[in-house]
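Participant: Below is the file protein.txt, which contains compact mmCIF, C-alpha atoms and all ligand atoms.
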```
# COMPACT_ATOMS: atom_id res chain seq x y z
CA MET A 1 5.25 -22.73 8.80
CA SER A 2 3.02 -24.66 11.26
CA LEU A 3 2.99 -24.89 15.02
CA PRO A 4 4.77 -28.01 16.16
CA GLY A 5 2.21 -30.78 15.89
CA SER A 6 -0.38 -28.58 14.13
CA PRO A 7 -1.12 -28.64 10.41
CA LEU A 8 -2.56 -25.12 10.52
CA PRO A 9 -0.51 -22.30 8.99
CA VAL A 10 0.87 -19.46 11.11
CA ALA A 11 1.64 -16.99 8.32
CA GLU A 12 0.15 -16.28 4.87
CA PHE A 13 3.40 -16.95 3.01
CA VAL A 14 4.38 -20.58 2.63
CA GLU A 15 7.91 -21.11 1.33
CA MET A 16 8.14 -23.53 -1.62
CA PRO A 17 11.53 -25.22 -1.63
CA GLY A 18 13.69 -24.11 -4.58
CA VAL A 19 11.23 -21.40 -5.72
CA ILE A 20 12.10 -17.68 -5.68
CA ASP A 21 8.68 -16.20 -6.34
CA LEU A 22 8.73 -12.45 -6.95
CA ALA A 23 4.92 -12.29 -6.84
CA TRP A 24 4.93 -11.74 -3.09
CA GLY A 25 4.85 -8.20 -1.71
CA HIS A 26 6.04 -9.35 1.70
CA PRO A 27 9.11 -8.30 3.68
CA ASP A 28 12.20 -10.49 3.87
CA PRO A 29 12.01 -12.39 7.21
CA ASP A 30 15.65 -11.36 7.81
CA LEU A 31 14.50 -7.72 7.82
CA LEU A 32 11.87 -8.19 10.53
CA PRO A 33 13.26 -6.96 13.88
CA VAL A 34 12.30 -10.04 15.92
CA GLU A 35 14.83 -9.76 18.75
CA GLU A 36 14.40 -5.99 19.12
CA LEU A 37 10.61 -6.33 19.31
CA ALA A 38 10.91 -9.14 21.86
CA GLU A 39 12.88 -6.78 24.11
CA LEU A 40 10.57 -3.82 23.52
CA ALA A 41 7.43 -5.93 24.09
CA ARG A 42 8.74 -6.56 27.60
CA THR A 43 9.52 -2.85 28.03
CA THR A 44 6.01 -1.97 26.81
CA LEU A 45 4.25 -4.26 29.27
CA ARG A 46 6.39 -3.04 32.14
CA ARG A 47 5.94 0.62 31.18
CA PHE A 48 2.17 0.59 30.65
CA GLY A 49 1.31 -2.21 33.09
CA PRO A 50 -2.39 -3.20 33.20
CA GLU A 51 -3.30 -0.36 30.80
CA ALA A 52 -1.45 -2.24 28.07
CA LEU A 53 -3.90 -5.11 28.53
CA ALA A 54 -7.04 -3.01 29.11
CA TYR A 55 -9.67 -2.10 26.51
CA GLY A 56 -8.08 0.69 24.47
CA ALA A 57 -9.34 4.17 23.63
CA PRO A 58 -11.59 4.12 20.50
CA ALA A 59 -9.23 6.34 18.44
CA GLY A 60 -6.22 4.39 19.68
CA PRO A 61 -3.80 4.83 22.59
CA GLY A 62 -2.52 8.39 23.11
CA PRO A 63 1.21 7.50 23.13
CA LEU A 64 1.03 6.22 19.55
CA ILE A 65 -1.18 9.11 18.39
CA GLU A 66 1.46 11.52 19.69
CA ALA A 67 4.23 9.47 18.10
CA VAL A 68 2.41 9.58 14.71
CA VAL A 69 2.15 13.39 14.97
CA ASP A 70 5.88 13.54 15.69
CA ARG A 71 6.82 11.18 12.86
CA LEU A 72 4.65 12.92 10.22
CA GLU A 73 6.23 16.21 11.22
CA ARG A 74 9.48 14.73 9.85
CA THR A 75 8.18 12.76 6.88
CA ASP A 76 5.34 14.88 5.48
CA SER A 77 4.84 18.57 4.83
CA ARG A 78 2.28 19.09 7.60
CA PRO A 79 1.75 17.11 10.81
CA PRO A 80 -1.81 16.27 11.89
CA ARG A 81 -3.24 17.44 15.18
CA PRO A 82 -3.96 14.56 17.58
CA ASP A 83 -7.70 14.89 16.93
CA GLU A 84 -7.06 14.43 13.20
CA ILE A 85 -5.79 10.87 13.77
CA CYS A 86 -7.54 7.55 14.26
CA LEU A 87 -5.44 4.42 14.68
CA THR A 88 -6.43 1.44 12.57
CA GLY A 89 -5.66 -2.23 12.10
CA GLY A 90 -3.60 -1.32 8.99
CA VAL A 91 -4.55 0.07 5.60
CA SER A 92 -6.56 -3.04 4.67
CA ALA A 93 -8.83 -2.66 7.69
CA ALA A 94 -9.06 1.11 7.19
CA LEU A 95 -10.06 0.69 3.55
CA GLU A 96 -12.76 -1.78 4.59
CA GLN A 97 -14.05 0.84 7.03
CA SER A 98 -13.81 3.57 4.39
CA ALA A 99 -15.98 1.55 2.01
CA LYS A 100 -18.57 1.30 4.75
CA LEU A 101 -18.41 4.83 6.16
CA LEU A 102 -17.54 7.07 3.22
CA ALA A 103 -19.82 5.74 0.48
CA ASP A 104 -23.47 4.79 0.26
CA PRO A 105 -24.61 1.55 -1.40
CA GLY A 106 -24.76 1.90 -5.17
CA GLN A 107 -22.25 4.75 -5.32
CA VAL A 108 -19.24 4.81 -7.63
CA ILE A 109 -15.70 4.36 -6.31
CA LEU A 110 -13.04 5.68 -8.67
CA VAL A 111 -9.75 3.76 -8.81
CA GLU A 112 -6.54 3.91 -10.79
CA ALA A 113 -6.03 1.33 -13.54
CA PRO A 114 -3.95 -0.57 -12.54
CA THR A 115 -4.31 -0.55 -8.76
CA TYR A 116 -3.64 -2.74 -5.68
CA HIS A 117 -5.52 -5.98 -6.39
CA PHE A 118 -6.64 -6.57 -2.80
CA ALA A 119 -8.02 -3.01 -2.62
CA LEU A 120 -10.16 -3.94 -5.63
CA ARG A 121 -11.37 -7.02 -3.78
CA ILE A 122 -12.07 -5.10 -0.57
CA LEU A 123 -14.08 -2.47 -2.47
CA ALA A 124 -15.87 -5.13 -4.54
CA SER A 125 -17.03 -6.86 -1.35
CA HIS A 126 -19.32 -3.84 -0.76
CA PRO A 127 -22.36 -2.87 -2.84
CA LEU A 128 -20.36 -0.25 -4.76
CA GLU A 129 -19.56 0.25 -8.42
CA ILE A 130 -15.84 0.41 -9.25
CA CYS A 131 -14.84 2.72 -12.11
CA PRO A 132 -11.25 2.77 -13.35
CA LEU A 133 -9.36 5.96 -14.25
CA PRO A 134 -6.44 6.24 -16.67
CA PHE A 135 -2.92 6.03 -15.25
CA ASP A 136 0.43 6.75 -16.94
CA ALA A 137 4.10 7.28 -16.07
CA GLY A 138 3.16 10.40 -14.06
CA GLY A 139 0.55 8.53 -12.00
CA LEU A 140 -3.20 9.09 -12.13
CA VAL A 141 -4.15 11.09 -15.25
CA VAL A 142 -5.84 13.88 -13.33
CA GLU A 143 -6.73 15.69 -16.57
CA ALA A 144 -9.17 12.88 -17.40
CA LEU A 145 -11.09 13.27 -14.17
CA PRO A 146 -13.53 16.15 -14.95
CA GLU A 147 -14.92 14.39 -18.00
CA ARG A 148 -15.29 11.08 -16.09
CA LEU A 149 -17.04 12.80 -13.20
CA ALA A 150 -19.37 14.63 -15.56
CA ARG A 151 -20.26 11.40 -17.35
CA ILE A 152 -20.95 9.53 -14.09
CA ARG A 153 -23.09 12.36 -12.74
CA ALA A 154 -24.95 12.80 -16.03
CA SER A 155 -26.04 9.16 -15.76
CA GLY A 156 -27.58 9.91 -12.36
CA ARG A 157 -24.92 8.06 -10.34
CA LYS A 158 -23.03 9.53 -7.37
CA VAL A 159 -19.34 9.18 -6.54
CA GLY A 160 -18.46 7.97 -3.03
CA PHE A 161 -14.70 8.61 -3.22
CA LEU A 162 -11.57 8.21 -5.31
CA TYR A 163 -9.10 5.61 -3.99
CA THR A 164 -5.54 6.50 -5.00
CA ILE A 165 -1.97 5.36 -4.23
CA PRO A 166 -0.01 8.48 -5.21
CA THR A 167 3.32 7.54 -3.64
CA PHE A 168 5.29 4.44 -4.75
CA HIS A 169 2.17 2.94 -6.25
CA ASN A 170 1.28 -0.74 -6.11
CA PRO A 171 1.69 -2.38 -8.66
CA THR A 172 3.78 0.03 -10.76
CA GLY A 173 6.05 1.75 -8.22
CA LEU A 174 5.25 5.08 -9.91
CA THR A 175 4.64 8.35 -8.06
CA LEU A 176 2.12 11.07 -8.86
CA THR A 177 3.94 14.20 -10.07
CA LEU A 178 3.86 17.36 -7.93
CA GLU A 179 1.90 19.21 -10.63
CA ARG A 180 -0.75 16.51 -10.70
CA ARG A 181 -0.89 16.42 -6.89
CA ARG A 182 -1.72 20.12 -6.92
CA ALA A 183 -4.22 19.69 -9.74
CA LEU A 184 -5.90 16.72 -8.05
CA VAL A 185 -6.36 18.50 -4.75
CA GLU A 186 -7.74 21.61 -6.49
CA LEU A 187 -10.07 19.57 -8.63
CA ALA A 188 -11.29 17.51 -5.68
CA GLU A 189 -12.12 20.73 -3.83
CA ALA A 190 -13.88 22.27 -6.83
CA GLU A 191 -15.88 19.10 -7.54
CA GLY A 192 -16.64 18.18 -3.92
CA LEU A 193 -14.80 14.88 -4.42
CA LEU A 194 -13.47 12.92 -1.43
CA LEU A 195 -10.02 11.33 -1.86
CA VAL A 196 -8.92 8.21 0.02
CA GLU A 197 -5.12 8.29 -0.16
CA ASP A 198 -3.29 4.99 0.39
CA ASP A 199 0.06 6.15 1.79
CA VAL A 200 1.37 2.75 2.89
CA TYR A 201 4.84 3.10 1.27
CA ARG A 202 5.70 6.68 2.43
CA GLU A 203 8.58 5.57 4.67
CA LEU A 204 10.21 3.39 1.99
CA SER A 205 11.67 6.28 0.01
CA PHE A 206 15.07 5.59 -1.58
CA ASP A 207 16.06 8.72 -3.48
CA GLY A 208 15.34 11.54 -1.00
CA PRO A 209 12.19 12.44 0.90
CA ALA A 210 8.80 11.19 -0.30
CA PRO A 211 6.59 13.89 -1.87
CA PRO A 212 4.03 15.63 0.37
CA SER A 213 0.87 13.63 0.90
CA LEU A 214 -2.35 14.76 -0.77
CA TRP A 215 -3.77 15.05 2.76
CA SER A 216 -1.10 17.60 3.72
CA GLN A 217 -1.85 19.71 0.63
CA ALA A 218 -5.64 19.66 0.72
CA PRO A 219 -8.21 21.77 2.55
CA PRO A 220 -9.80 20.06 5.59
CA GLY A 221 -12.34 17.35 4.81
CA ARG A 222 -11.09 16.61 1.30
CA VAL A 223 -8.70 13.68 1.95
CA VAL A 224 -8.57 10.65 4.24
CA ARG A 225 -4.96 9.41 4.26
CA LEU A 226 -4.34 5.79 5.23
CA GLY A 227 -0.93 5.01 6.74
CA SER A 228 0.52 1.80 8.17
CA PHE A 229 3.41 0.30 10.11
CA ALA A 230 3.18 -2.89 8.02
CA LYS A 231 5.91 -1.89 5.59
CA SER A 232 8.08 0.21 7.91
CA LEU A 233 8.13 -2.16 10.91
CA ALA A 234 6.19 -5.43 10.59
CA PRO A 235 2.90 -6.43 8.93
CA GLY A 236 2.04 -8.88 11.71
CA LEU A 237 1.54 -6.02 14.17
CA ARG A 238 -1.62 -4.96 12.28
CA VAL A 239 -1.17 -1.32 13.27
CA GLY A 240 -1.90 1.66 11.05
CA TYR A 241 -3.43 5.12 11.27
CA LEU A 242 -5.52 7.49 9.26
CA THR A 243 -5.34 11.26 9.10
CA ALA A 244 -8.45 13.26 8.22
CA ASP A 245 -10.14 16.38 9.48
CA ARG A 246 -11.62 16.04 12.94
CA ALA A 247 -15.17 15.34 11.78
CA LEU A 248 -14.07 12.56 9.43
CA ALA A 249 -11.65 11.09 12.00
CA GLU A 250 -14.51 11.00 14.50
CA ARG A 251 -16.68 9.19 11.99
CA PHE A 252 -14.14 6.35 12.16
CA SER A 253 -13.44 6.43 15.93
CA GLY A 254 -17.15 6.84 16.73
CA GLN A 255 -18.12 3.48 15.27
CA PRO A 256 -19.94 1.30 17.80
CA TRP A 257 -17.51 -1.62 17.43
CA LEU A 258 -14.63 0.66 18.46
CA GLN A 259 -16.68 2.12 21.30
CA SER A 260 -17.33 -1.46 22.41
CA GLY A 261 -13.81 -2.86 22.18
CA GLY A 262 -11.41 0.02 21.66
CA ALA A 263 -9.07 0.51 18.72
CA PRO A 264 -7.85 -2.67 17.04
CA SER A 265 -4.35 -3.82 18.00
CA HIS A 266 -4.19 -1.92 21.32
CA LEU A 267 -1.14 -3.74 22.69
CA PRO A 268 0.73 -3.76 19.34
CA SER A 269 -0.03 0.00 19.07
CA LEU A 270 1.66 0.57 22.41
CA LEU A 271 4.57 -1.56 21.23
CA VAL A 272 4.93 0.66 18.13
CA ALA A 273 4.83 3.73 20.41
CA THR A 274 7.68 2.21 22.45
CA CYS A 275 9.64 1.52 19.23
CA MET A 276 9.29 5.21 18.36
CA ALA A 277 10.23 6.42 21.86
CA GLU A 278 13.27 4.13 22.07
CA GLY A 279 14.56 5.01 18.59
CA LEU A 280 14.15 1.54 17.05
CA TYR A 281 11.57 2.80 14.56
CA PRO A 282 13.64 5.46 12.73
CA ALA A 283 16.69 3.16 12.77
CA ASN A 284 14.60 0.36 11.29
CA VAL A 285 13.20 2.61 8.54
CA GLN A 286 16.74 3.69 7.62
CA ARG A 287 17.89 0.06 7.52
CA LEU A 288 14.95 -0.87 5.25
CA GLN A 289 15.59 2.05 2.92
CA ILE A 290 19.20 0.93 2.46
CA ALA A 291 18.31 -2.76 2.02
CA TYR A 292 15.43 -2.16 -0.41
CA ARG A 293 17.41 0.40 -2.44
CA GLN A 294 20.09 -2.28 -2.96
CA ARG A 295 17.43 -4.78 -3.94
CA ARG A 296 15.84 -2.38 -6.41
CA GLU A 297 19.26 -1.94 -8.05
CA ALA A 298 19.90 -5.70 -8.14
CA LEU A 299 16.50 -6.45 -9.65
CA LEU A 300 16.52 -3.70 -12.27
CA GLU A 301 20.09 -4.52 -13.28
CA ALA A 302 19.22 -8.21 -13.65
CA LEU A 303 16.24 -7.36 -15.88
CA LYS A 304 18.61 -5.68 -18.37
CA THR A 305 20.36 -8.92 -19.24
CA ALA A 306 17.57 -11.44 -18.68
CA MET A 307 14.45 -10.00 -20.32
CA PRO A 308 13.52 -10.35 -24.01
CA GLN A 309 14.58 -7.44 -26.21
CA GLY A 310 12.09 -4.59 -26.18
CA THR A 311 10.97 -5.23 -22.57
CA THR A 312 10.47 -2.07 -20.47
CA TRP A 313 10.10 -1.53 -16.72
CA THR A 314 9.59 1.27 -14.22
CA ARG A 315 12.35 2.66 -11.99
CA PRO A 316 10.48 3.41 -8.75
CA ALA A 317 11.88 5.87 -6.20
CA GLY A 318 10.57 3.75 -3.33
CA GLY A 319 8.24 1.00 -2.22
CA TYR A 320 8.30 -2.70 -3.08
CA PHE A 321 7.53 -3.11 -6.79
CA THR A 322 8.48 -2.61 -10.41
CA TRP A 323 6.10 -3.05 -13.37
CA VAL A 324 7.53 -4.90 -16.36
CA THR A 325 6.05 -4.81 -19.87
CA LEU A 326 7.05 -7.34 -22.52
CA PRO A 327 7.09 -6.38 -26.20
CA ALA A 328 4.51 -9.12 -26.91
CA GLY A 329 2.80 -12.14 -25.37
CA ASP A 330 0.26 -12.80 -22.65
CA THR A 331 1.86 -12.82 -19.19
CA ARG A 332 -1.01 -14.77 -17.65
CA ALA A 333 -0.57 -17.56 -20.20
CA ARG A 334 3.20 -17.61 -19.70
CA LEU A 335 3.11 -17.73 -15.89
CA SER A 336 3.09 -21.53 -15.64
CA ALA A 337 6.36 -21.76 -17.61
CA VAL A 338 7.89 -19.12 -15.33
CA LYS A 339 6.71 -21.02 -12.25
CA GLN A 340 8.10 -24.27 -13.58
CA ALA A 341 11.44 -22.53 -13.91
CA GLY A 342 11.31 -21.70 -10.16
CA SER A 343 10.37 -18.04 -10.41
CA GLY A 344 7.10 -16.06 -10.39
CA TYR A 345 5.27 -12.75 -10.91
CA ILE A 346 1.71 -11.41 -10.78
CA PRO A 347 0.18 -10.90 -14.25
CA GLY A 348 -0.72 -7.28 -14.98
CA THR A 349 -4.43 -7.85 -15.58
CA THR A 350 -4.82 -8.95 -11.92
CA PHE A 351 -4.60 -5.25 -11.06
CA LEU A 352 -7.49 -4.11 -13.26
CA PRO A 353 -11.14 -4.06 -12.22
CA PRO A 354 -13.12 -6.65 -14.17
CA LYS A 355 -15.40 -4.03 -15.77
CA ARG A 356 -13.40 -1.63 -17.93
CA PRO A 357 -15.84 0.15 -20.20
CA GLU A 358 -13.70 3.10 -21.26
CA ALA A 359 -10.07 3.69 -22.24
CA CYS A 360 -7.99 3.39 -19.09
CA GLY A 361 -4.68 4.77 -20.27
CA PRO A 362 -1.45 3.28 -21.56
CA LEU A 363 -0.58 1.02 -18.61
CA ALA A 364 -3.97 -0.67 -18.51
CA GLU A 365 -3.96 -1.12 -22.28
CA ARG A 366 -0.65 -3.00 -22.03
CA ALA A 367 -1.56 -4.89 -18.84
CA SER A 368 -1.96 -8.27 -20.57
CA ARG A 369 1.73 -8.20 -21.53
CA SER A 370 2.84 -6.74 -18.17
CA PHE A 371 3.56 -8.13 -14.72
CA ARG A 372 4.47 -6.95 -11.21
CA LEU A 373 7.72 -7.95 -9.51
CA ALA A 374 8.48 -7.41 -5.81
CA TRP A 375 12.04 -6.92 -4.58
CA SER A 376 10.98 -6.90 -0.92
CA ARG A 377 11.23 -10.57 0.05
CA TYR A 378 14.55 -11.80 -1.32
CA SER A 379 18.25 -10.99 -1.10
CA PRO A 380 19.95 -9.35 -4.12
CA GLU A 381 21.52 -12.71 -4.96
CA ASN A 382 18.15 -14.50 -4.99
CA LEU A 383 16.56 -11.67 -6.97
CA ARG A 384 19.22 -12.05 -9.67
CA GLU A 385 18.73 -15.82 -9.79
CA SER A 386 14.94 -15.50 -9.99
CA VAL A 387 15.12 -12.96 -12.82
CA ARG A 388 17.60 -15.18 -14.68
CA ARG A 389 15.14 -18.11 -14.47
CA MET A 390 12.23 -15.90 -15.47
CA GLY A 391 14.12 -14.54 -18.48
CA GLU A 392 15.00 -18.04 -19.68
CA ALA A 393 11.38 -19.15 -19.41
CA LEU A 394 10.08 -16.03 -21.18
CA ARG A 395 12.62 -16.20 -24.00
CA GLY A 396 12.22 -19.99 -24.45
C1 LIG A 401 -1.10 -0.25 -1.78
C2 LIG A 401 -1.26 -1.10 -0.57
N1 LIG A 401 -2.20 -0.80 0.33
C3 LIG A 401 -2.39 -1.53 1.44
C4 LIG A 401 -1.62 -2.65 1.70
C5 LIG A 401 -1.88 -3.42 2.96
O1 LIG A 401 -1.62 -2.59 4.03
P1 LIG A 401 -1.71 -3.12 5.53
O2 LIG A 401 -0.69 -4.20 5.68
O3 LIG A 401 -1.44 -1.92 6.37
O4 LIG A 401 -3.08 -3.65 5.72
C6 LIG A 401 -0.62 -3.01 0.79
C7 LIG A 401 0.20 -4.20 1.04
O5 LIG A 401 0.69 -4.86 0.14
C8 LIG A 401 -0.44 -2.22 -0.37
O6 LIG A 401 0.49 -2.51 -1.26
```
Could I get this file's structure written as structure tokens?
Facilitator:
Amino acid sequence: MSLPGSPLPVAEFVEMPGVIDLAWGHPDPDLLPVEELAELARTTLRRFGPEALAYGAPAGPGPLIEAVVDRLERTDSRPPRPDEICLTGGVSAALEQSAKLLADPGQVILVEAPTYHFALRILASHPLEICPLPFDAGGLVVEALPERLARIRASGRKVGFLYTIPTFHNPTGLTLTLERRRALVELAEAEGLLLVEDDVYRELSFDGPAPPSLWSQAPPGRVVRLGSFAKSLAPGLRVGYLTADRALAERFSGQPWLQSGGAPSHLPSLLVATCMAEGLYPANVQRLQIAYRQRREALLEALKTAMPQGTTWTRPAGGYFTWVTLPAGDTRARLSAVKQAGSGYIPGTTFLPPKRPEACGPLAERASRSFRLAWSRYSPENLRESVRRMGEALRG
């Protein structure tokens, strides 16, 4: 979409007529609360007056910090104290800051294989070495970690942190088991390993409450949890938060650029606080859970009839994505046929770091015949049609 008279794009996603592309992990425009936010933007400006347009506090405006405490009290097993929170410009911005603040140049960053492809690119834009860890149906293979750590340390390298998406993982939709959560937190404490927990999908839980965050289970200083309002309200707000112990939170809020300008997204942060105070936020989350649960069902049901025999896929309990594995074939090579048919996916190997020296577990080994599908952007009817087209192209 462009401004009238301007060729420049407004949003990242550009609709291609006739194409139902399930590559995109974006929300359905019909699920973005435009009218409600228009009303509450007015309320916010009236309520906070000039303070809404002033430079913000470095850790973010107090009303949203308090609202995050209140929300996590309901959705996680332990709420943070206000001084354990720093508001961010979303998980992407917070991960960029983490790469800068939590690791020294040359250090190793451990990641799951597969993992969020843009996280790989953010981390790779810093002078850091990315090392993949095995991942299976139960999430990160925590049992493999001691040997990996020992090998890295024996070679004289140091680990900056482990980046993990334990809840409704991107790209697989899988969730780290409770046993492995416990084991990971214990191991991290014993090994002095810092965990950066990407918790962006916590609110999009379809089959009961999301599991407790690693942050809520770990001793202070062991985990930095990155949360966001991108998936639960609207990505365009660019508002997120992190929870960490006070010293780590202050490392983020004490950065000179925040001291100079205040937290990113000051006015949108106050708007989110108003959404919480006025009840729009919990109602919106409930609406999204219902809509996305229906879409998950529609997509997974459609796969049963459309995909080649022997194809498997995950059944995520939340989030945006399922991970599909064909019995044979290269999904990168077959993408153009799928696109020609008016559908689309992201090939599995996109989610692997380029350097994969060791065995990375069953999902990574099958990544070349796998792909990620998102149910977030399209109606159940369009999802069914897209999967039908995809199946025809893949079977043809
Ligand atoms: C795992 C993961 N982390 C982070 C993001 C981006 O988060 P934000 O919009 O808060 O920057 C996404 C969005 O697709 C994601 O899937």
Participant: Using all atoms listed in the file, which residues have at least one atom no more than 10 Å from ligand LIG 401 (chain A)? Output them as a PyMOL selection string.
Facilitator: chain A and resi 24-27+88-96+115-119+164-171+173+197-201+226-232+234-241+319-321
Participant: In Å, with one decimal, what is the gap from atom CA of Gly49 of chain A to atom CA of Asn284 of chain A?
Facilitator: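 Going from atom CA of Gly49 of chain A over to atom CA of Asn284 of chain A covers 25.7 Å.
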Participant: Could you please determine the separation between atom CA of Pro347 of chain A and atom CA of Val111 of chain A in Å, to one decimal place?
Facilitator: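 Separating atom CA of Pro347 of chain A from atom CA of Val111 of chain A is a distance of 18.5 Å.
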Participant: Counting only C-alpha atoms, which of A:Arg181, A:Arg148, A:Arg395, A:Arg251 gets nearest to Gly329 of chain A?
Facilitator: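 Counting only C-alpha atoms, the residue closest to Gly329 of chain A is A:Arg395.
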Participant: To one decimal place in Å, what is the distance between atom CA of Phe371 of chain A and atom CA of Ala306 of chain A?
Facilitator: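 Here the two named atoms are 14.9 Å from each other.
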Participant: List as a PDB file with C-alpha atoms, in the frame of the given file the protein and nucleic acid residues near Phe48 of chain A, meaning an atom at most 12 Å away when all atoms listed in the file are counted, but skip any in the same chain fewer than 4 places from it.
Facilitator:
```pdb
ATOM      1  CA  LEU A  40      10.570  -3.820  23.520  1.00  0.00           C
ATOM      2  CA  ALA A  41       7.430  -5.930  24.090  1.00  0.00           C
ATOM      3  CA  ARG A  42       8.740  -6.560  27.600  1.00  0.00           C
ATOM      4  CA  THR A  43       9.520  -2.850  28.030  1.00  0.00           C
ATOM      5  CA  THR A  44       6.010  -1.970  26.810  1.00  0.00           C
ATOM      6  CA  ALA A  52      -1.450  -2.240  28.070  1.00  0.00           C
ATOM      7  CA  LEU A  53      -3.900  -5.110  28.530  1.00  0.00           C
ATOM      8  CA  ALA A  54      -7.040  -3.010  29.110  1.00  0.00           C
ATOM      9  CA  GLY A  56      -8.080   0.690  24.470  1.00  0.00           C
ATOM     10  CA  PRO A  61      -3.800   4.830  22.590  1.00  0.00           C
ATOM     11  CA  GLY A  62      -2.520   8.390  23.110  1.00  0.00           C
ATOM     12  CA  PRO A  63       1.210   7.500  23.130  1.00  0.00           C
ATOM     13  CA  HIS A 266      -4.190  -1.920  21.320  1.00  0.00           C
ATOM     14  CA  LEU A 267      -1.140  -3.740  22.690  1.00  0.00           C
ATOM     15  CA  SER A 269      -0.030   0.000  19.070  1.00  0.00           C
ATOM     16  CA  LEU A 270       1.660   0.570  22.410  1.00  0.00           C
ATOM     17  CA  LEU A 271       4.570  -1.560  21.230  1.00  0.00           C
ATOM     18  CA  ALA A 273       4.830   3.730  20.410  1.00  0.00           C
ATOM     19  CA  THR A 274       7.680   2.210  22.450  1.00  0.00           C
TER      20      THR A 274
END
```
Participant: List as a tab-separated table every residue of segment 154-232 of chain A that is in contact with segment 289-303 of chain A, defined as an atom at most 9 Å from one of its atoms (using only C-alpha atoms), together with the nearest atom pair and the distance in Å rounded to one decimal, sorted by chain and then rising number.
Facilitator:
```
residue	atom	partner	partner_atom	distance
A:Glu203	CA	A:Gln289	CA	8.0
A:Leu204	CA	A:Gln289	CA	5.6
A:Ser205	CA	A:Gln289	CA	6.5
A:Phe206	CA	A:Gln289	CA	5.7
A:Asp207	CA	A:Arg293	CA	8.5
```
Participant: Set the distance at 12 Å and use only C-alpha atoms: which residues neighbour Ile85 of chain A once local chain neighbours fewer than 4 positions away are removed? I'd like the list as a ChimeraX atom specification.
Facilitator: /A:58-62,64-69,72,79-81,215,224-227,240-253,263
Participant: How about saving the chosen residues, C-alpha atoms kept, as an mmCIF file, keeping the file's coordinate frame?
Facilitator:
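Below you can see again.cif, which holds the result:
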```
data_model
loop_
_atom_site.group_PDB
_atom_site.id
_atom_site.type_symbol
_atom_site.label_atom_id
_atom_site.label_comp_id
_atom_site.auth_asym_id
_atom_site.auth_seq_id
_atom_site.Cartn_x
_atom_site.Cartn_y
_atom_site.Cartn_z
ATOM 1 C CA PRO A 58 -11.590 4.120 20.500
ATOM 2 C CA ALA A 59 -9.230 6.340 18.440
ATOM 3 C CA GLY A 60 -6.220 4.390 19.680
ATOM 4 C CA PRO A 61 -3.800 4.830 22.590
ATOM 5 C CA GLY A 62 -2.520 8.390 23.110
ATOM 6 C CA LEU A 64 1.030 6.220 19.550
ATOM 7 C CA ILE A 65 -1.180 9.110 18.390
ATOM 8 C CA GLU A 66 1.460 11.520 19.690
ATOM 9 C CA ALA A 67 4.230 9.470 18.100
ATOM 10 C CA VAL A 68 2.410 9.580 14.710
ATOM 11 C CA VAL A 69 2.150 13.390 14.970
ATOM 12 C CA LEU A 72 4.650 12.920 10.220
ATOM 13 C CA PRO A 79 1.750 17.110 10.810
ATOM 14 C CA PRO A 80 -1.810 16.270 11.890
ATOM 15 C CA ARG A 81 -3.240 17.440 15.180
ATOM 16 C CA TRP A 215 -3.770 15.050 2.760
ATOM 17 C CA VAL A 224 -8.570 10.650 4.240
ATOM 18 C CA ARG A 225 -4.960 9.410 4.260
ATOM 19 C CA LEU A 226 -4.340 5.790 5.230
ATOM 20 C CA GLY A 227 -0.930 5.010 6.740
ATOM 21 C CA GLY A 240 -1.900 1.660 11.050
ATOM 22 C CA TYR A 241 -3.430 5.120 11.270
ATOM 23 C CA LEU A 242 -5.520 7.490 9.260
ATOM 24 C CA THR A 243 -5.340 11.260 9.100
ATOM 25 C CA ALA A 244 -8.450 13.260 8.220
ATOM 26 C CA ASP A 245 -10.140 16.380 9.480
ATOM 27 C CA ARG A 246 -11.620 16.040 12.940
ATOM 28 C CA ALA A 247 -15.170 15.340 11.780
ATOM 29 C CA LEU A 248 -14.070 12.560 9.430
ATOM 30 C CA ALA A 249 -11.650 11.090 12.000
ATOM 31 C CA GLU A 250 -14.510 11.000 14.500
ATOM 32 C CA ARG A 251 -16.680 9.190 11.990
ATOM 33 C CA PHE A 252 -14.140 6.350 12.160
ATOM 34 C CA SER A 253 -13.440 6.430 15.930
ATOM 35 C CA ALA A 263 -9.070 0.510 18.720
#
```
Participant: Of the candidates A:Val19, A:Leu101, A:Leu32, A:Met276, which one gets nearest to Ser376 of chain A if we count all atoms listed in the file?
Facilitator: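 For Ser376 of chain A, the nearest of the candidates is A:Leu32.
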Participant: With all atoms listed in the file as the atoms that count, which of A:Gly361, A:Tyr345, A:Arg46, A:Leu87 lies nearest to Val142 of chain A?
Facilitator: A:Gly361
Participant: Which one of A:Ser368, A:Thr312, A:Ser77, A:Thr325 sits closest to Pro212 of chain A if you count only C-alpha atoms?
Facilitator: A:Ser77
Participant: Extract, using all atoms listed in the file, all DNA, RNA and protein residues at most 10 Å from Leu178 of chain A, discarding same-chain residues fewer than 6 positions from it, and format them as a list in words.
Facilitator: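 Returned residues: Gly138, Leu184, Pro211, Pro212 and Leu214 of chain A.
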Participant: Between A:Arg389, A:Leu174, A:Ile122, A:Glu191, which has the minimum distance to Glu147 of chain A (counting only C-alpha atoms)?
Facilitator: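 Answer, going by the shortest atom-to-atom distance: A:Glu191.
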Participant: Rank A:Ala57, A:Ala137, A:Met16, A:Ala99 by their smallest atom-to-atom distance to Ala124 of chain A, using all atoms listed in the file, and report the top residue only.
Facilitator: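 Ranking A:Ala57, A:Ala137, A:Met16, A:Ala99 by distance to Ala124 of chain A, first place goes to A:Ala99.
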